[in-house]
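Enquirer: TSV, C-alpha atoms, saved as query.tsv, coming up:
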chain	number	residue	atom	x	y	z
A	1	MET	CA	107.16	94.53	109.23
A	2	ILE	CA	107.19	91.11	110.89
A	3	ARG	CA	110.10	89.51	112.69
A	4	ARG	CA	110.83	86.13	111.10
A	5	ALA	CA	112.93	83.05	111.64
A	6	PHE	CA	115.29	82.34	108.75
A	7	ASP	CA	117.40	79.35	107.89
A	8	PRO	CA	120.73	80.18	109.59
A	9	GLU	CA	122.71	78.25	106.97
A	10	LEU	CA	121.06	80.19	104.15
A	11	ALA	CA	121.54	83.49	105.99
A	12	THR	CA	125.22	82.67	106.51
A	13	LYS	CA	125.62	81.75	102.83
A	14	ILE	CA	124.05	85.01	101.65
A	15	VAL	CA	126.00	87.16	104.12
A	16	LYS	CA	129.27	85.53	103.04
A	17	GLU	CA	128.48	86.52	99.44
A	18	VAL	CA	128.16	90.19	100.42
A	19	PRO	CA	131.48	91.93	99.61
A	20	LEU	CA	131.24	93.85	102.88
A	21	PHE	CA	131.85	90.61	104.80
A	22	ILE	CA	134.55	89.13	102.59
A	23	SER	CA	137.17	89.55	105.32
A	24	PHE	CA	135.00	87.95	108.03
A	25	SER	CA	135.68	84.41	109.23
A	26	ASP	CA	132.84	81.88	109.54
A	27	GLU	CA	133.04	82.28	113.32
A	28	GLU	CA	132.72	86.07	113.10
A	29	ILE	CA	129.73	85.81	110.76
A	30	ALA	CA	128.03	83.31	113.09
A	31	GLU	CA	128.65	85.59	116.07
A	32	LEU	CA	127.32	88.59	114.15
A	33	LEU	CA	124.15	86.76	113.12
A	34	GLU	CA	123.44	85.97	116.77
A	35	LYS	CA	123.25	89.73	117.42
A	36	THR	CA	121.02	90.60	114.49
A	37	ALA	CA	117.36	90.15	113.57
A	38	ILE	CA	115.57	89.20	110.36
A	39	TYR	CA	112.35	90.92	109.32
A	40	SER	CA	109.86	90.41	106.51
A	41	TYR	CA	108.30	93.29	104.58
A	42	HIS	CA	105.27	93.16	102.32
A	43	LYS	CA	105.29	94.49	98.78
A	44	ASP	CA	105.16	98.33	98.79
A	45	GLU	CA	105.81	98.51	102.54
A	46	ILE	CA	108.11	101.34	103.61
A	47	ILE	CA	111.32	100.09	105.24
A	48	ILE	CA	113.03	103.45	105.83
A	49	SER	CA	111.44	106.88	105.53
A	50	ALA	CA	113.39	109.93	104.41
A	51	ASP	CA	114.48	112.16	107.31
A	52	GLU	CA	114.00	109.26	109.72
A	53	GLN	CA	116.74	108.78	112.29
A	54	ASN	CA	118.27	105.44	111.42
A	55	GLU	CA	120.51	103.39	113.68
A	56	GLN	CA	120.64	100.14	111.78
A	57	MET	CA	121.92	98.76	108.50
A	58	TYR	CA	119.77	96.50	106.35
A	59	ILE	CA	121.04	93.59	104.24
A	60	ILE	CA	118.62	92.11	101.70
A	61	LEU	CA	118.38	88.34	102.08
A	62	LYS	CA	115.46	87.90	99.70
A	63	GLY	CA	113.55	90.21	97.36
A	64	ARG	CA	114.19	93.67	95.98
A	65	VAL	CA	113.69	97.25	97.18
A	66	ARG	CA	113.58	100.63	95.50
A	67	VAL	CA	115.17	103.82	96.79
A	68	VAL	CA	112.87	106.76	96.07
A	69	ASP	CA	112.36	110.45	96.60
A	70	LEU	CA	108.74	111.05	97.62
A	71	SER	CA	107.02	114.30	96.67
A	72	SER	CA	104.58	116.01	99.01
A	73	SER	CA	101.75	114.39	97.01
A	74	GLY	CA	103.26	110.92	97.44
A	75	GLU	CA	104.61	110.61	93.89
A	76	GLU	CA	107.77	108.49	93.67
A	77	ARG	CA	110.97	109.36	91.82
A	78	VAL	CA	113.00	106.16	91.69
A	79	MET	CA	116.66	106.76	92.48
A	80	ALA	CA	117.98	103.18	92.64
A	81	PHE	CA	117.08	99.53	93.08
A	82	ARG	CA	118.72	97.22	95.61
A	83	HIS	CA	118.73	93.42	95.37
A	84	ARG	CA	119.63	90.30	97.32
A	85	GLY	CA	123.05	90.79	98.91
A	86	ASP	CA	122.85	94.60	98.70
A	87	TYR	CA	122.65	96.71	101.83
A	88	PHE	CA	121.37	100.15	102.77
A	89	GLY	CA	121.05	102.36	105.83
A	90	ASP	CA	124.82	102.37	106.31
A	91	MET	CA	125.16	106.13	105.82
A	92	GLY	CA	123.09	106.80	108.93
A	93	LEU	CA	125.24	104.41	110.94
A	94	LEU	CA	128.41	106.14	109.79
A	95	ASP	CA	127.48	109.79	110.30
A	96	GLY	CA	124.52	109.58	112.69
A	97	LYS	CA	122.32	111.69	110.42
A	98	THR	CA	118.92	111.02	108.89
A	99	ASP	CA	118.49	109.19	105.61
A	100	PHE	CA	118.00	111.29	102.48
A	101	ALA	CA	115.63	108.87	100.70
A	102	THR	CA	112.77	106.48	101.35
A	103	VAL	CA	113.31	102.74	100.83
A	104	ILE	CA	110.28	100.64	99.82
A	105	ALA	CA	109.91	96.90	99.25
A	106	THR	CA	109.30	96.38	95.52
A	107	GLU	CA	108.34	92.77	96.25
A	108	PRO	CA	108.05	90.69	99.45
A	109	CYS	CA	111.43	90.97	101.19
A	110	LYS	CA	113.42	89.49	104.02
A	111	VAL	CA	116.14	91.73	105.42
A	112	LEU	CA	118.81	91.32	108.06
A	113	LEU	CA	118.98	94.24	110.50
A	114	ILE	CA	122.34	95.12	112.02
A	115	ARG	CA	122.02	97.63	114.83
A	116	LYS	CA	124.63	100.29	115.50
A	117	SER	CA	126.01	98.50	118.55
A	118	ALA	CA	126.74	95.37	116.50
A	119	PHE	CA	128.07	97.43	113.61
A	120	ASP	CA	130.49	99.27	115.86
A	121	GLU	CA	131.63	96.03	117.48
A	122	PHE	CA	132.30	94.16	114.24
A	123	PHE	CA	133.32	96.90	111.81
A	124	LEU	CA	135.15	99.75	113.50
A	125	ASN	CA	138.27	97.67	114.03
A	126	ASN	CA	138.06	95.88	110.67
A	127	ASN	CA	139.90	98.03	108.14
A	128	LYS	CA	139.06	95.76	105.20
A	129	ALA	CA	135.34	95.99	105.97
A	130	LEU	CA	135.51	99.77	106.38
A	131	ARG	CA	137.31	100.11	103.04
A	132	GLN	CA	134.56	98.04	101.46
A	133	VAL	CA	131.91	100.37	102.91
A	134	ILE	CA	133.76	103.32	101.36
A	135	THR	CA	134.01	101.47	98.02
A	136	VAL	CA	130.26	100.82	97.93
A	137	LEU	CA	129.47	104.44	98.83
A	138	CYS	CA	131.67	105.58	95.96
A	139	GLN	CA	129.94	103.17	93.58
A	140	ARG	CA	126.56	104.52	94.60
A	141	LEU	CA	127.74	108.09	94.09
A	142	ARG	CA	128.89	107.17	90.59
A	143	GLU	CA	125.56	105.44	89.89
A	144	SER	CA	123.66	108.53	91.06
A	145	TRP	CA	125.76	110.74	88.82
A	146	LEU	CA	125.26	108.39	85.87
A	147	PHE	CA	121.48	108.48	86.15
A	148	HIS	CA	121.55	112.22	86.77
A	149	ASN	CA	123.13	112.52	83.31
A	150	VAL	CA	120.81	109.93	81.75
A	151	ILE	CA	117.65	111.58	83.05
A	152	GLY	CA	118.79	114.94	81.69
A	153	ILE	CA	118.74	113.91	78.02
A	154	ASN	CA	115.70	113.90	75.72
A	155	ASP	CA	116.42	110.67	73.79
A	156	ALA	CA	114.24	107.96	75.36
A	157	GLU	CA	115.94	105.11	73.48
A	158	SER	CA	119.38	106.18	74.74
A	159	LYS	CA	118.01	106.40	78.28
A	160	ILE	CA	116.76	102.82	78.11
A	161	ARG	CA	119.99	101.57	76.52
A	162	ALA	CA	122.09	103.19	79.23
A	163	THR	CA	119.87	101.75	81.96
A	164	LEU	CA	119.99	98.20	80.63
A	165	ALA	CA	123.74	98.47	79.98
A	166	HIS	CA	124.33	99.65	83.54
A	167	TYR	CA	122.38	96.76	85.08
A	168	SER	CA	124.14	94.31	82.77
A	169	THR	CA	127.37	95.46	84.43
A	170	THR	CA	126.11	95.35	88.02
A	171	LEU	CA	123.68	92.41	87.80
A	172	GLY	CA	124.61	90.58	84.63
A	173	THR	CA	125.83	87.07	83.88
A	174	ARG	CA	127.66	86.60	80.60
A	175	ASN	CA	127.28	83.57	78.35
A	176	SER	CA	128.38	82.87	74.79
A	177	HIS	CA	125.39	84.70	73.31
A	178	GLY	CA	125.05	87.80	75.48
A	179	ILE	CA	124.44	89.00	79.04
A	180	ILE	CA	121.42	88.08	81.18
A	181	ILE	CA	120.37	90.64	83.80
A	182	ASN	CA	119.80	88.62	86.97
A	183	SER	CA	116.93	90.67	88.30
A	184	ILE	CA	113.40	91.27	87.08
A	185	PHE	CA	112.65	94.77	85.81
A	186	SER	CA	109.14	95.66	84.74
A	187	GLN	CA	108.58	98.18	81.99
A	188	GLN	CA	107.12	100.51	84.62
A	189	SER	CA	110.22	100.27	86.82
A	190	ILE	CA	112.45	101.19	83.87
A	191	ALA	CA	110.15	104.09	83.04
A	192	ASP	CA	110.25	105.32	86.64
A	193	ARG	CA	114.04	105.02	86.78
A	194	VAL	CA	114.67	107.36	83.85
A	195	GLN	CA	111.47	109.43	84.06
A	196	ILE	CA	109.70	108.48	80.84
A	197	THR	CA	106.33	106.84	80.22
A	198	ARG	CA	105.72	103.10	80.33
A	199	GLU	CA	104.26	103.32	76.82
A	200	THR	CA	107.56	104.72	75.55
A	201	VAL	CA	109.47	101.88	77.21
A	202	THR	CA	107.11	99.33	75.63
A	203	ARG	CA	107.65	100.82	72.18
A	204	VAL	CA	111.45	100.98	72.47
A	205	LEU	CA	111.76	97.45	73.88
A	206	ARG	CA	109.54	96.07	71.11
A	207	LYS	CA	111.82	97.70	68.54
A	208	MET	CA	114.92	96.22	70.23
A	209	LYS	CA	113.36	92.74	70.20
A	210	GLU	CA	112.44	93.04	66.51
A	211	GLN	CA	116.04	94.04	65.72
A	212	HIS	CA	117.37	91.09	67.78
A	213	GLU	CA	119.15	93.32	70.26
A	214	ILE	CA	117.40	91.86	73.31
A	215	GLU	CA	115.61	88.66	74.20
A	216	MET	CA	113.57	87.59	77.20
A	217	VAL	CA	114.76	84.60	79.21
A	218	GLY	CA	111.72	83.97	81.35
A	219	ARG	CA	111.19	87.42	82.87
A	220	HIS	CA	114.84	88.45	82.56
A	221	PHE	CA	116.37	90.67	79.90
A	222	LYS	CA	119.13	89.15	77.78
A	223	LEU	CA	121.25	91.72	75.95
A	224	MET	CA	122.76	90.54	72.69
A	225	PRO	CA	126.07	91.71	71.14
A	226	THR	CA	124.18	93.94	68.68
A	227	PHE	CA	122.69	95.82	71.65
A	228	PHE	CA	126.12	96.77	72.92
A	229	ASP	CA	127.37	97.60	69.42
A	230	LYS	CA	124.59	100.16	69.01
A	231	TYR	CA	125.01	101.49	72.55
A	232	ARG	CA	128.74	102.09	72.04
A	233	GLN	CA	127.95	104.07	68.90
A	234	SER	CA	125.57	106.42	70.74
A	235	GLN	CA	126.50	109.94	71.77
A	236	LEU	CA	125.31	109.25	75.31
A	237	TYR	CA	127.80	106.39	75.66
A	238	LYS	CA	130.60	108.65	74.47
A	239	ASN	CA	129.57	111.37	76.90
A	240	LEU	CA	129.32	108.96	79.83
A	241	SER	CA	132.67	107.37	78.94
A	242	THR	CA	134.26	110.81	79.09
A	243	ASP	CA	132.65	111.63	82.43
A	244	PHE	CA	133.47	108.28	84.07
Would you encode the structure as structure tokens?

Expert:
Amino acid sequence: MIRRAFDPELATKIVKEVPLFISFSDEEIAELLEKTAIYSYHKDEIIISADEQNEQMYIILKGRVRVVDLSSSGEERVMAFRHRGDYFGDMGLLDGKTDFATVIATEPCKVLLIRKSAFDEFFLNNNKALRQVITVLCQRLRESWLFHNVIGINDAESKIRATLAHYSTTLGTRNSHGIIINSIFSQQSIADRVQITRETVTRVLRKMKEQHEIEMVGRHFKLMPTFFDKYRQSQLYKNLSTDF
């Protein structure tokens, strides 16, 4: 972890795009940024350790992190990914307890650290911001429950479809031909997310490409209408639609 300077205009732009700060004025954001710090993390560097007392919230300005459960042998079970504009560590600020998971930089990252004193000053009297915190916590709970259900099934293809469909909703940009997922997911990261092998992911993705359900735009997945048609016909989709 290295403390870094960061273009204040870019930091302000990114922070303003975070839903948590939608009710903040430009002056409030500028004042907040004066009381925060920006740090860089190397790929695979631990940002937060599970059971660590945390008194700051982290906002991702650049890069991507993964939220994992580490076994005693150091094996990772990926629970979620967080991207530019996402934040984490807020639960510890709200209840004063330790974090339940470890957060690791999946690629080189720059994050904005908001300490508890600044959080209390800027958020406790801002009802809109507090409601947004609650909204995000609810979304994460729903995401955890979704992947709990996905991991529990034995159909690898349905697992991958549900994963890509979920990220198309949370990270996707629609155009006339489909939806592009605006984050890079390796085959290994998909495998880790739903607890299957990378070889299985490779095989399923190859099949989807051959059937013109997905395309690659650079390193990004593009999901075609036929992908969603098949997903909506699956039993997993029907089960998840009933649950959610």

Enquirer: Have a look at atom CA of A:Thr102 and atom CA of A:Val68 and let me know their distance in Å, one decimal.

Expert: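 Separation of atom CA of A:Thr102 and atom CA of A:Val68: 5.3 Å.
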
Enquirer: Counting all atoms listed in the file, which residue out of A:Leu20, A:Val194, A:Leu70, A:Ile29 sits closest to A:Ser144?

Expert: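 When distances to A:Ser144 are compared using all atoms listed in the file, the smallest one comes from A:Val194.
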
Enquirer: Let me know the centre plus edge lengths, in Å and rounded to one decimal, of a box with edges along x, y and z that contains all listed atoms of stretch 124-142 of chain A and is padded by 6 Å on every side, as JSON.

Expert:
{"center_x": 133.2, "center_y": 101.9, "center_z": 102.3, "size_x": 25.3, "size_y": 24.3, "size_z": 35.4}

Enquirer: If I put a ball of radius 7 Å at (114.8, 94.3, 106.1) in the file's coordinates, which residues poke into it when counting all atoms listed in the file, written as number ranges by chain?

Expert: A: 38-41, 47, 58-60, 109-113

Enquirer: Figure out the distance between atom CA of A:Val18 and atom CA of A:Asn127, please, to one decimal in Å.

Expert: 16.1 Å

Enquirer: Would you compute the distance between atom CA of A:Ala101 and atom CA of A:Asp69? Give it in Å to one decimal.

Expert: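 Rounded to one decimal, the two atoms are 5.5 Å apart.
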
Enquirer: Given all atoms listed in the file as the basis, pick out the residue of A:Leu137, A:Leu146, A:Glu76, A:Ala105 nearest to A:Gln195.

Expert: A:Glu76

Enquirer: Determine the nearest neighbour of A:Gln132 from the options A:Asp90, A:Glu31, A:Gly63, A:His212, counting all atoms listed in the file.

Expert: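 The closest residue to A:Gln132 is A:Asp90.
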